[in-house]
$ cat run_29.txt   # compact mmCIF, C-alpha atoms
# COMPACT_ATOMS: atom_id res chain seq x y z
CA MET E 91 61.18 49.16 120.58
CA ASN E 92 62.35 46.78 123.32
CA ASP E 93 65.95 47.96 122.93
CA LEU E 94 65.10 51.47 124.18
CA LYS E 95 65.69 52.15 127.86
CA CYS E 96 64.05 54.74 130.05
CA PRO E 97 66.57 57.47 130.97
CA TYR E 98 64.98 57.78 134.43
CA CYS E 99 64.74 54.19 135.68
CA GLY E 100 66.71 52.21 133.07
CA ASN E 101 63.90 49.75 132.34
CA GLU E 102 63.03 48.63 128.82
CA THR E 103 59.28 48.95 129.36
CA VAL E 104 58.98 51.80 126.89
CA GLU E 105 55.94 52.57 124.74
CA MET E 106 54.95 55.31 122.33
CA ASN E 107 53.41 58.33 124.06
CA GLU E 108 50.28 59.54 122.32
CA GLN E 109 49.85 62.69 124.42
CA GLY E 110 52.08 65.67 125.13
CA THR E 111 55.33 66.73 123.55
CA ASP E 112 57.45 63.68 124.44
CA LYS E 113 57.70 60.69 122.09
CA TYR E 114 57.94 57.84 124.64
CA ARG E 115 56.51 56.85 128.00
CA CYS E 116 57.98 54.37 130.47
CA LYS E 117 55.42 51.85 131.69
CA THR E 118 57.48 51.23 134.85
CA CYS E 119 58.04 54.75 136.24
CA GLY E 120 55.44 56.61 134.14
CA LYS E 121 57.81 59.36 133.00
CA THR E 122 57.86 60.63 129.43
CA PHE E 123 60.92 61.43 127.33
CA GLY E 124 62.28 61.65 123.79
CA LEU E 125 61.86 64.18 121.02
CA LYS E 126 58.93 64.09 118.63
CA SER E 127 60.72 66.56 116.37
CA ASN E 128 64.29 66.41 115.06
CA GLU E 129 64.70 70.22 115.06
CA VAL E 130 66.76 70.15 118.26
CA VAL E 131 69.01 67.45 116.80
CA LYS E 132 69.62 69.50 113.66
CA ASP E 133 70.35 72.66 115.69
CA CYS E 134 73.00 71.01 117.90
CA HIS E 135 76.46 72.01 116.68
CA THR E 136 78.79 71.20 119.61
CA PHE E 137 79.17 68.26 122.00
CA TYR E 138 81.62 68.25 124.91
CA PHE E 139 82.13 65.44 127.42
CA SER E 140 84.72 65.03 130.17
CA THR E 141 85.06 62.30 132.77
CA GLY E 142 87.69 61.25 135.27
CA GLY E 143 89.03 61.90 138.70
CA PHE E 144 92.04 62.60 140.85
CA HIS E 145 93.74 59.21 140.47
CA GLN E 146 93.00 58.42 136.82
CA GLY E 147 93.01 61.92 135.31
CA PHE E 148 90.37 63.30 132.97
CA LYS E 149 89.60 62.37 129.39
CA GLN E 150 87.66 64.66 127.09
CA ILE E 151 85.94 64.65 123.73
CA LEU E 152 84.86 67.77 121.87
CA ILE E 153 82.91 67.62 118.60
CA GLU E 154 82.32 70.87 116.70
CA GLU E 155 80.25 71.04 113.53
CA ARG E 156 81.70 73.00 110.64
CA ASP E 157 80.21 73.77 107.20
CA SER E 158 80.80 70.39 105.56
CA TYR E 159 82.37 68.25 108.32
CA ALA E 160 82.83 68.04 112.10
CA ASP E 161 86.07 68.30 114.08
CA VAL E 162 86.67 65.84 116.90
CA THR E 163 89.26 66.65 119.56
CA LEU E 164 90.18 63.82 121.94
CA THR E 165 92.21 64.50 125.06
CA PRO E 166 93.37 61.46 127.02
CA PRO E 167 94.04 61.58 130.75
CA ILE E 168 97.51 62.70 131.77
CA SER E 169 98.34 59.10 132.76
CA VAL E 170 98.20 57.95 129.10
CA ARG E 171 98.96 61.22 127.36
CA ILE E 172 101.93 60.84 125.10
CA ASP E 173 101.44 63.46 122.40
CA GLY E 174 98.60 65.42 123.98
CA GLU E 175 95.30 65.71 122.19
CA MET E 176 94.31 64.06 118.93
CA LYS E 177 92.27 65.80 116.26
CA LEU E 178 90.05 63.95 113.79
CA ARG E 179 87.68 65.05 111.07
CA ILE E 180 84.40 63.21 110.56
CA THR E 181 81.68 63.57 107.96
CA LEU E 182 78.40 65.30 108.71
CA ASN E 183 76.73 61.88 108.37
CA GLU E 184 78.96 60.53 111.15
CA TRP E 185 78.18 63.59 113.28
CA GLN E 186 74.46 63.06 112.62
CA ALA E 187 74.78 59.42 113.77
CA ILE E 188 76.40 60.61 117.02
CA LYS E 189 73.59 63.12 117.58
CA ASP E 190 70.99 60.44 116.85
CA GLU E 191 72.56 58.25 119.54
CA LEU E 192 72.71 61.10 122.07
CA PHE E 193 69.17 62.37 121.52
CA ASN E 194 67.19 59.33 120.34
CA GLU E 195 68.84 56.40 122.17
CA LEU E 196 70.41 57.90 125.30
CA PHE E 197 67.81 60.70 125.66
CA ILE E 198 70.42 63.16 126.94
CA LEU E 199 67.93 66.06 127.13
CA SER E 200 65.92 64.09 129.70
CA TRP E 201 68.88 63.80 132.07
CA ASP E 202 68.85 65.90 135.26
CA GLU E 203 71.13 68.94 135.49
CA GLU E 204 73.22 67.49 138.29
CA TYR E 205 74.05 64.11 139.82
CA TYR E 206 75.88 64.29 143.12
CA ASP E 207 76.71 61.77 145.84
CA PRO E 208 77.80 63.72 148.94
CA TYR E 209 79.03 60.57 150.71
CA ILE E 210 81.93 59.87 148.35
CA LEU E 211 84.76 62.37 148.64
CA ASP E 212 87.03 61.21 145.84
CA GLY E 213 85.91 59.41 142.73
CA THR E 214 84.56 60.25 139.31
CA GLN E 215 83.50 63.68 138.15
CA TRP E 216 81.98 64.26 134.75
CA GLU E 217 80.47 67.00 132.61
CA LEU E 218 78.48 67.09 129.36
CA LYS E 219 77.58 70.17 127.29
CA LEU E 220 75.54 70.57 124.12
CA THR E 221 75.47 73.85 122.22
CA PHE E 222 72.67 74.76 119.82
CA ASP E 223 72.00 77.41 117.19
CA ASP E 224 68.78 78.88 118.59
CA ARG E 225 68.55 77.35 122.03
CA GLU E 226 70.22 77.68 125.42
CA THR E 227 73.30 75.52 126.06
CA PHE E 228 72.39 72.23 127.75
CA GLU E 229 74.72 71.30 130.61
CA VAL E 230 74.67 68.28 132.89
CA SER E 231 77.33 67.12 135.34
CA GLY E 232 77.98 64.82 138.23
CA SER E 233 80.27 63.75 141.01
CA ASN E 234 80.17 60.06 141.90
CA ALA E 235 76.54 59.76 140.76
CA PHE E 236 75.27 59.07 137.27
CA PRO E 237 72.13 58.99 135.12
CA GLU E 238 70.68 55.57 134.30
CA LEU E 239 72.12 55.52 130.78
CA PHE E 240 75.59 56.85 131.66
CA GLY E 241 77.23 53.46 131.15
CA GLU E 242 75.76 53.30 127.65
CA LEU E 243 77.22 56.76 126.89
CA LEU E 244 80.69 55.62 128.00
CA GLU E 245 80.37 52.46 125.94
CA TYR E 246 79.33 54.45 122.87
CA LEU E 247 82.23 56.92 123.23
CA ASP E 248 84.79 54.14 123.79
CA SER E 249 85.41 53.75 120.05
CA TYR E 250 86.70 57.34 120.05
CA PHE E 251 88.66 57.11 123.31
CA GLU E 252 90.32 53.86 122.13
CA GLN E 253 92.16 55.94 119.53
CA VAL E 254 94.10 57.71 122.29
CA GLY E 255 94.36 54.71 124.64
CA ALA E 256 91.74 56.06 127.03
CA GLU E 257 88.88 53.57 126.67
CA GLU E 258 86.93 52.40 129.73
CA LYS E 259 88.47 49.45 131.56
CA ARG E 260 85.87 46.79 132.21
$ encode --input "run_29.txt" --output "structure tokens"
Amino acid sequence: MNDLKCPYCGNETVEMNEQGTDKYRCKTCGKTFGLKSNEVVKDCHTFYFSTGGFHQGFKQILIEERDSYADVTLTPPISVRIDGEMKLRITLNEWQAIKDELFNELFILSWDEEYYDPYILDGTQWELKLTFDDRETFEVSGSNAFPELFGELLEYLDSYFEQVGAEEKR
């Protein structure tokens, strides 16, 4: 379990949580997180993520579950956009693997609603939305401030953004 990171402080001092509704507890900050049940994961049918800013433009990914597959729409920033958006079709197993990463590795549902740094006027804005069957839409966004595991999210999504020439430059 050492490869799991706390979504609040980023430390790898994570242990199983025996009490409450959350699966894990961080030994460093004491906060709990993670789903004990996979019902929420199964009920999630749409994922949307956008990141960018004034100078680099915005890139977006939208994944929508269908009956026997999921549609992926990738939109690169205007600076690299040649033919506009790209549409892909992935299997439900691939979509499930993405949801497993979002919910069980990055702990998206434990992220705060908003991350904002008022001292930076121009920089990176981002937005993430998850839509569920029987649950309220989950939305989180930020402007020049990020959750602890944001870098890991960008790294994970890079394999999709590479297909339209919009991967993160390191």
$ closest_residue --input "run_29.txt" --among "E:Pro166, E:Glu226, E:Trp201, E:Gln186" --to "Ser140 in chain E" --atoms "only C-alpha atoms"
E:Pro166
$ atom_distance --input "run_29.txt" --atom1 "CA of His135 in chain E" --atom2 "CA of Tyr159 in chain E"
10.9 Å
$ residues_near_point --input "run_29.txt" --point "(56.4, 61.6, 129.8)" --cutoff "8 Å" --atoms "all atoms listed in the file" --output "NGL selection string"
:E and (107 or 110 or 112-116 or 120-123)
$ closest_atom_pairs --input "run_29.txt" --of "range 133-246 of chain E" --to "range 250-253 of chain E" --cutoff "12 Å" --atoms "all atoms listed in the file" --output "Markdown table"
| residue | atom | partner | partner_atom | distance |
| --- | --- | --- | --- | --- |
| E:Phe139 | CA | E:Phe251 | CA | 11.4 |
| E:Ser140 | CA | E:Phe251 | CA | 11.2 |
| E:Thr141 | CA | E:Phe251 | CA | 11.4 |
| E:Phe148 | CA | E:Phe251 | CA | 11.6 |
| E:Lys149 | CA | E:Phe251 | CA | 8.1 |
| E:Gln150 | CA | E:Phe251 | CA | 8.5 |
| E:Ile151 | CA | E:Phe251 | CA | 8.0 |
| E:Leu152 | CA | E:Tyr250 | CA | 10.7 |
| E:Ile153 | CA | E:Tyr250 | CA | 11.1 |
| E:Val162 | CA | E:Tyr250 | CA | 9.1 |
| E:Thr163 | CA | E:Tyr250 | CA | 9.7 |
| E:Leu164 | CA | E:Phe251 | CA | 7.0 |
| E:Thr165 | CA | E:Phe251 | CA | 8.4 |
| E:Pro166 | CA | E:Phe251 | CA | 7.4 |
| E:Pro167 | CA | E:Phe251 | CA | 10.2 |
| E:Val170 | CA | E:Phe251 | CA | 11.2 |
| E:Arg171 | CA | E:Gln253 | CA | 11.6 |
| E:Glu175 | CA | E:Gln253 | CA | 10.6 |
| E:Met176 | CA | E:Gln253 | CA | 8.4 |
| E:Lys177 | CA | E:Gln253 | CA | 10.4 |
| E:Leu178 | CA | E:Tyr250 | CA | 9.7 |
| E:Arg179 | CA | E:Tyr250 | CA | 11.9 |
| E:Ile180 | CA | E:Tyr250 | CA | 11.4 |
| E:Ile188 | CA | E:Tyr250 | CA | 11.2 |
| E:Leu243 | CA | E:Tyr250 | CA | 11.7 |
| E:Leu244 | CA | E:Phe251 | CA | 9.4 |
| E:Glu245 | CA | E:Phe251 | CA | 9.9 |
| E:Tyr246 | CA | E:Tyr250 | CA | 8.4 |
$ axis_aligned_box --input "run_29.txt" --around "range 123-135 of chain E" --padding-each-side "6 Å" --output "JSON"
{"center_x": 67.7, "center_y": 67.0, "center_z": 120.5, "size_x": 29.5, "size_y": 23.2, "size_z": 25.7}
$ atom_distance --input "run_29.txt" --atom1 "CA of His145 in chain E" --atom2 "CA of Val230 in chain E"
22.4 Å
$ residues_around --input "run_29.txt" --residues "Gln215 in chain E" --least-positions-apart "5" --cutoff "10 Å" --atoms "only C-alpha atoms" --output "ChimeraX atom specification"
/E:140-144,148,205-206,231-236
$ write_last_selection --input "run_29.txt" --atoms "C-alpha atoms" --output "short mmCIF file (atom, residue, chain, number, x, y, z; two decimals), in the coordinates of the input"
data_model
loop_
_atom_site.label_atom_id
_atom_site.label_comp_id
_atom_site.auth_asym_id
_atom_site.auth_seq_id
_atom_site.Cartn_x
_atom_site.Cartn_y
_atom_site.Cartn_z
CA SER E 140 84.72 65.03 130.17
CA THR E 141 85.06 62.30 132.77
CA GLY E 142 87.69 61.25 135.27
CA GLY E 143 89.03 61.90 138.70
CA PHE E 144 92.04 62.60 140.85
CA PHE E 148 90.37 63.30 132.97
CA TYR E 205 74.05 64.11 139.82
CA TYR E 206 75.88 64.29 143.12
CA SER E 231 77.33 67.12 135.34
CA GLY E 232 77.98 64.82 138.23
CA SER E 233 80.27 63.75 141.01
CA ASN E 234 80.17 60.06 141.90
CA ALA E 235 76.54 59.76 140.76
CA PHE E 236 75.27 59.07 137.27
#
$ atom_distance --input "run_29.txt" --atom1 "CA of Val254 in chain E" --atom2 "CA of Ile168 in chain E"
11.2 Å
$ residues_around --input "run_29.txt" --residues "Glu195 in chain E" --least-positions-apart "6" --cutoff "9 Å" --atoms "all atoms listed in the file" --output "tab-separated table (two decimals) with C-alpha atoms, in the coordinates of the input"
chain	number	residue	atom	x	y	z
E	93	ASP	CA	65.95	47.96	122.93
E	94	LEU	CA	65.10	51.47	124.18
E	95	LYS	CA	65.69	52.15	127.86
E	124	GLY	CA	62.28	61.65	123.79
$ closest_residue --input "run_29.txt" --among "E:Asn183, E:Lys117, E:Glu154, E:Glu191" --to "Leu247 in chain E" --atoms "all atoms listed in the file"
E:Glu191
$ closest_residue --input "run_29.txt" --among "E:Cys96, E:Thr118, E:Leu220, E:Glu129" --to "Leu192 in chain E" --atoms "all atoms listed in the file"
E:Leu220
$ residues_around --input "run_29.txt" --residues "Phe222 in chain E" --least-positions-apart "5" --cutoff "10 Å" --atoms "only C-alpha atoms" --output "JSON list (two decimals) with C-alpha atoms, in the frame of the given file"
[["chain", "number", "residue", "atom", "x", "y", "z"],
["E", 130, "VAL", "CA", 66.76, 70.15, 118.26],
["E", 131, "VAL", "CA", 69.01, 67.45, 116.80],
["E", 132, "LYS", "CA", 69.62, 69.50, 113.66],
["E", 133, "ASP", "CA", 70.35, 72.66, 115.69],
["E", 134, "CYS", "CA", 73.00, 71.01, 117.90],
["E", 135, "HIS", "CA", 76.46, 72.01, 116.68],
["E", 136, "THR", "CA", 78.79, 71.20, 119.61],
["E", 137, "PHE", "CA", 79.17, 68.26, 122.00],
["E", 227, "THR", "CA", 73.30, 75.52, 126.06],
["E", 228, "PHE", "CA", 72.39, 72.23, 127.75]]
$ closest_residue --input "run_29.txt" --among "E:Glu155, E:Glu105, E:Glu242, E:Asp224" --to "Glu184 in chain E" --atoms "all atoms listed in the file"
E:Glu155
$ closest_residue --input "run_29.txt" --among "E:Gly100, E:Thr181, E:Leu125, E:Glu108" --to "Gly241 in chain E" --atoms "only C-alpha atoms"
E:Gly100
$ closest_residue --input "run_29.txt" --among "E:Leu196, E:Ala187, E:Leu218, E:Leu239" --to "Tyr138 in chain E" --atoms "all atoms listed in the file"
E:Leu218
$ decode --input "run_29.txt" --residues "range 98-135 of chain E" --atoms "N, CA, C and O atoms" --output "compact mmCIF listing (two decimals), in the first residue's frame"
# COMPACT_ATOMS: atom_id res chain seq x y z
N TYR E 98 -4.79 14.75 0.50
CA TYR E 98 -4.77 16.01 1.24
C TYR E 98 -3.36 16.54 1.44
O TYR E 98 -3.11 17.73 1.25
N CYS E 99 -2.41 15.67 1.81
CA CYS E 99 -1.05 16.14 2.08
C CYS E 99 -0.01 15.56 1.13
O CYS E 99 1.13 16.02 1.11
N GLY E 100 -0.37 14.54 0.34
CA GLY E 100 0.54 13.97 -0.63
C GLY E 100 1.52 12.94 -0.08
O GLY E 100 2.29 12.36 -0.82
N ASN E 101 1.48 12.69 1.21
CA ASN E 101 2.39 11.71 1.81
C ASN E 101 1.92 10.28 1.54
O ASN E 101 0.75 10.03 1.32
N GLU E 102 2.87 9.36 1.62
CA GLU E 102 2.58 7.94 1.36
C GLU E 102 2.38 7.17 2.66
O GLU E 102 2.45 5.95 2.66
N THR E 103 2.10 7.85 3.73
CA THR E 103 1.89 7.20 5.03
C THR E 103 0.42 6.84 5.19
O THR E 103 -0.27 7.35 6.06
N VAL E 104 -0.04 5.96 4.34
CA VAL E 104 -1.45 5.60 4.27
C VAL E 104 -1.65 4.21 4.88
O VAL E 104 -0.87 3.30 4.66
N GLU E 105 -2.72 4.09 5.68
CA GLU E 105 -3.07 2.80 6.26
C GLU E 105 -4.56 2.55 6.08
O GLU E 105 -5.32 3.46 5.79
N MET E 106 -4.96 1.30 6.24
CA MET E 106 -6.38 0.97 6.17
C MET E 106 -7.10 1.65 7.34
O MET E 106 -6.57 1.74 8.44
N ASN E 107 -8.31 2.12 7.09
CA ASN E 107 -9.12 2.76 8.11
C ASN E 107 -10.19 1.77 8.56
O ASN E 107 -11.02 1.35 7.77
N GLU E 108 -10.15 1.40 9.80
CA GLU E 108 -11.09 0.41 10.32
C GLU E 108 -12.44 1.01 10.69
O GLU E 108 -13.43 0.30 10.80
N GLN E 109 -12.49 2.32 10.91
CA GLN E 109 -13.72 2.95 11.37
C GLN E 109 -14.26 3.89 10.29
O GLN E 109 -13.53 4.36 9.45
N GLY E 110 -15.55 4.15 10.33
CA GLY E 110 -16.15 5.13 9.43
C GLY E 110 -16.40 4.58 8.03
O GLY E 110 -16.27 3.39 7.77
N THR E 111 -16.72 5.49 7.15
CA THR E 111 -17.09 5.11 5.78
C THR E 111 -15.93 5.17 4.80
O THR E 111 -16.06 4.69 3.68
N ASP E 112 -14.82 5.77 5.17
CA ASP E 112 -13.67 5.87 4.27
C ASP E 112 -12.75 4.67 4.44
O ASP E 112 -12.60 4.12 5.52
N LYS E 113 -12.10 4.29 3.34
CA LYS E 113 -11.27 3.08 3.31
C LYS E 113 -9.88 3.28 3.90
O LYS E 113 -9.31 2.36 4.48
N TYR E 114 -9.30 4.49 3.72
CA TYR E 114 -7.92 4.74 4.14
C TYR E 114 -7.83 5.90 5.12
O TYR E 114 -8.70 6.76 5.17
N ARG E 115 -6.72 5.93 5.84
CA ARG E 115 -6.41 7.02 6.76
C ARG E 115 -4.95 7.37 6.59
O ARG E 115 -4.09 6.49 6.51
N CYS E 116 -4.65 8.67 6.52
CA CYS E 116 -3.27 9.13 6.42
C CYS E 116 -2.69 9.27 7.82
O CYS E 116 -3.27 9.93 8.67
N LYS E 117 -1.55 8.62 8.03
CA LYS E 117 -0.90 8.70 9.35
C LYS E 117 -0.22 10.05 9.56
O LYS E 117 0.06 10.41 10.68
N THR E 118 0.01 10.82 8.50
CA THR E 118 0.66 12.11 8.63
C THR E 118 -0.34 13.21 9.01
O THR E 118 -0.16 13.90 10.00
N CYS E 119 -1.40 13.37 8.22
CA CYS E 119 -2.36 14.45 8.48
C CYS E 119 -3.61 13.98 9.23
O CYS E 119 -4.40 14.80 9.69
N GLY E 120 -3.83 12.67 9.29
CA GLY E 120 -4.97 12.13 10.03
C GLY E 120 -6.29 12.11 9.28
O GLY E 120 -7.29 11.62 9.79
N LYS E 121 -6.31 12.59 8.06
CA LYS E 121 -7.56 12.62 7.30
C LYS E 121 -7.86 11.26 6.69
O LYS E 121 -6.96 10.48 6.40
N THR E 122 -9.15 11.00 6.48
CA THR E 122 -9.57 9.74 5.88
C THR E 122 -10.08 10.00 4.47
O THR E 122 -10.54 11.10 4.14
N PHE E 123 -10.02 8.97 3.63
CA PHE E 123 -10.40 9.11 2.23
C PHE E 123 -10.56 7.74 1.60
O PHE E 123 -10.20 6.72 2.19
N GLY E 124 -11.07 7.71 0.38
CA GLY E 124 -11.21 6.46 -0.36
C GLY E 124 -12.57 5.82 -0.13
O GLY E 124 -13.19 5.97 0.91
N LEU E 125 -13.01 5.08 -1.13
CA LEU E 125 -14.32 4.45 -1.10
C LEU E 125 -14.22 3.02 -0.61
O LEU E 125 -13.39 2.26 -1.09
N LYS E 126 -15.09 2.66 0.32
CA LYS E 126 -15.16 1.25 0.74
C LYS E 126 -16.02 0.45 -0.22
O LYS E 126 -15.90 -0.75 -0.32
N SER E 127 -16.91 1.12 -0.93
CA SER E 127 -17.81 0.46 -1.87
C SER E 127 -17.51 0.95 -3.29
O SER E 127 -17.13 2.10 -3.49
N ASN E 128 -17.70 0.10 -4.28
CA ASN E 128 -17.48 0.48 -5.66
C ASN E 128 -18.75 0.96 -6.35
O ASN E 128 -18.75 1.17 -7.56
N GLU E 129 -19.84 1.15 -5.60
CA GLU E 129 -21.10 1.60 -6.20
C GLU E 129 -20.94 2.93 -6.92
O GLU E 129 -21.45 3.11 -8.02
N VAL E 130 -20.23 3.87 -6.31
CA VAL E 130 -20.05 5.19 -6.93
C VAL E 130 -19.27 5.05 -8.23
O VAL E 130 -19.59 5.69 -9.23
N VAL E 131 -18.27 4.19 -8.23
CA VAL E 131 -17.47 3.97 -9.44
C VAL E 131 -18.34 3.42 -10.56
O VAL E 131 -18.28 3.90 -11.70
N LYS E 132 -19.18 2.45 -10.24
CA LYS E 132 -20.07 1.87 -11.26
C LYS E 132 -21.07 2.88 -11.79
O LYS E 132 -21.43 2.85 -12.95
N ASP E 133 -21.56 3.78 -10.93
CA ASP E 133 -22.58 4.76 -11.31
C ASP E 133 -22.04 5.94 -12.11
O ASP E 133 -22.81 6.71 -12.67
N CYS E 134 -20.73 6.13 -12.15
CA CYS E 134 -20.15 7.25 -12.89
C CYS E 134 -20.19 6.96 -14.38
O CYS E 134 -19.68 5.93 -14.84
N HIS E 135 -20.81 7.85 -15.16
CA HIS E 135 -20.92 7.62 -16.59
C HIS E 135 -20.26 8.69 -17.45
O HIS E 135 -20.12 8.52 -18.66
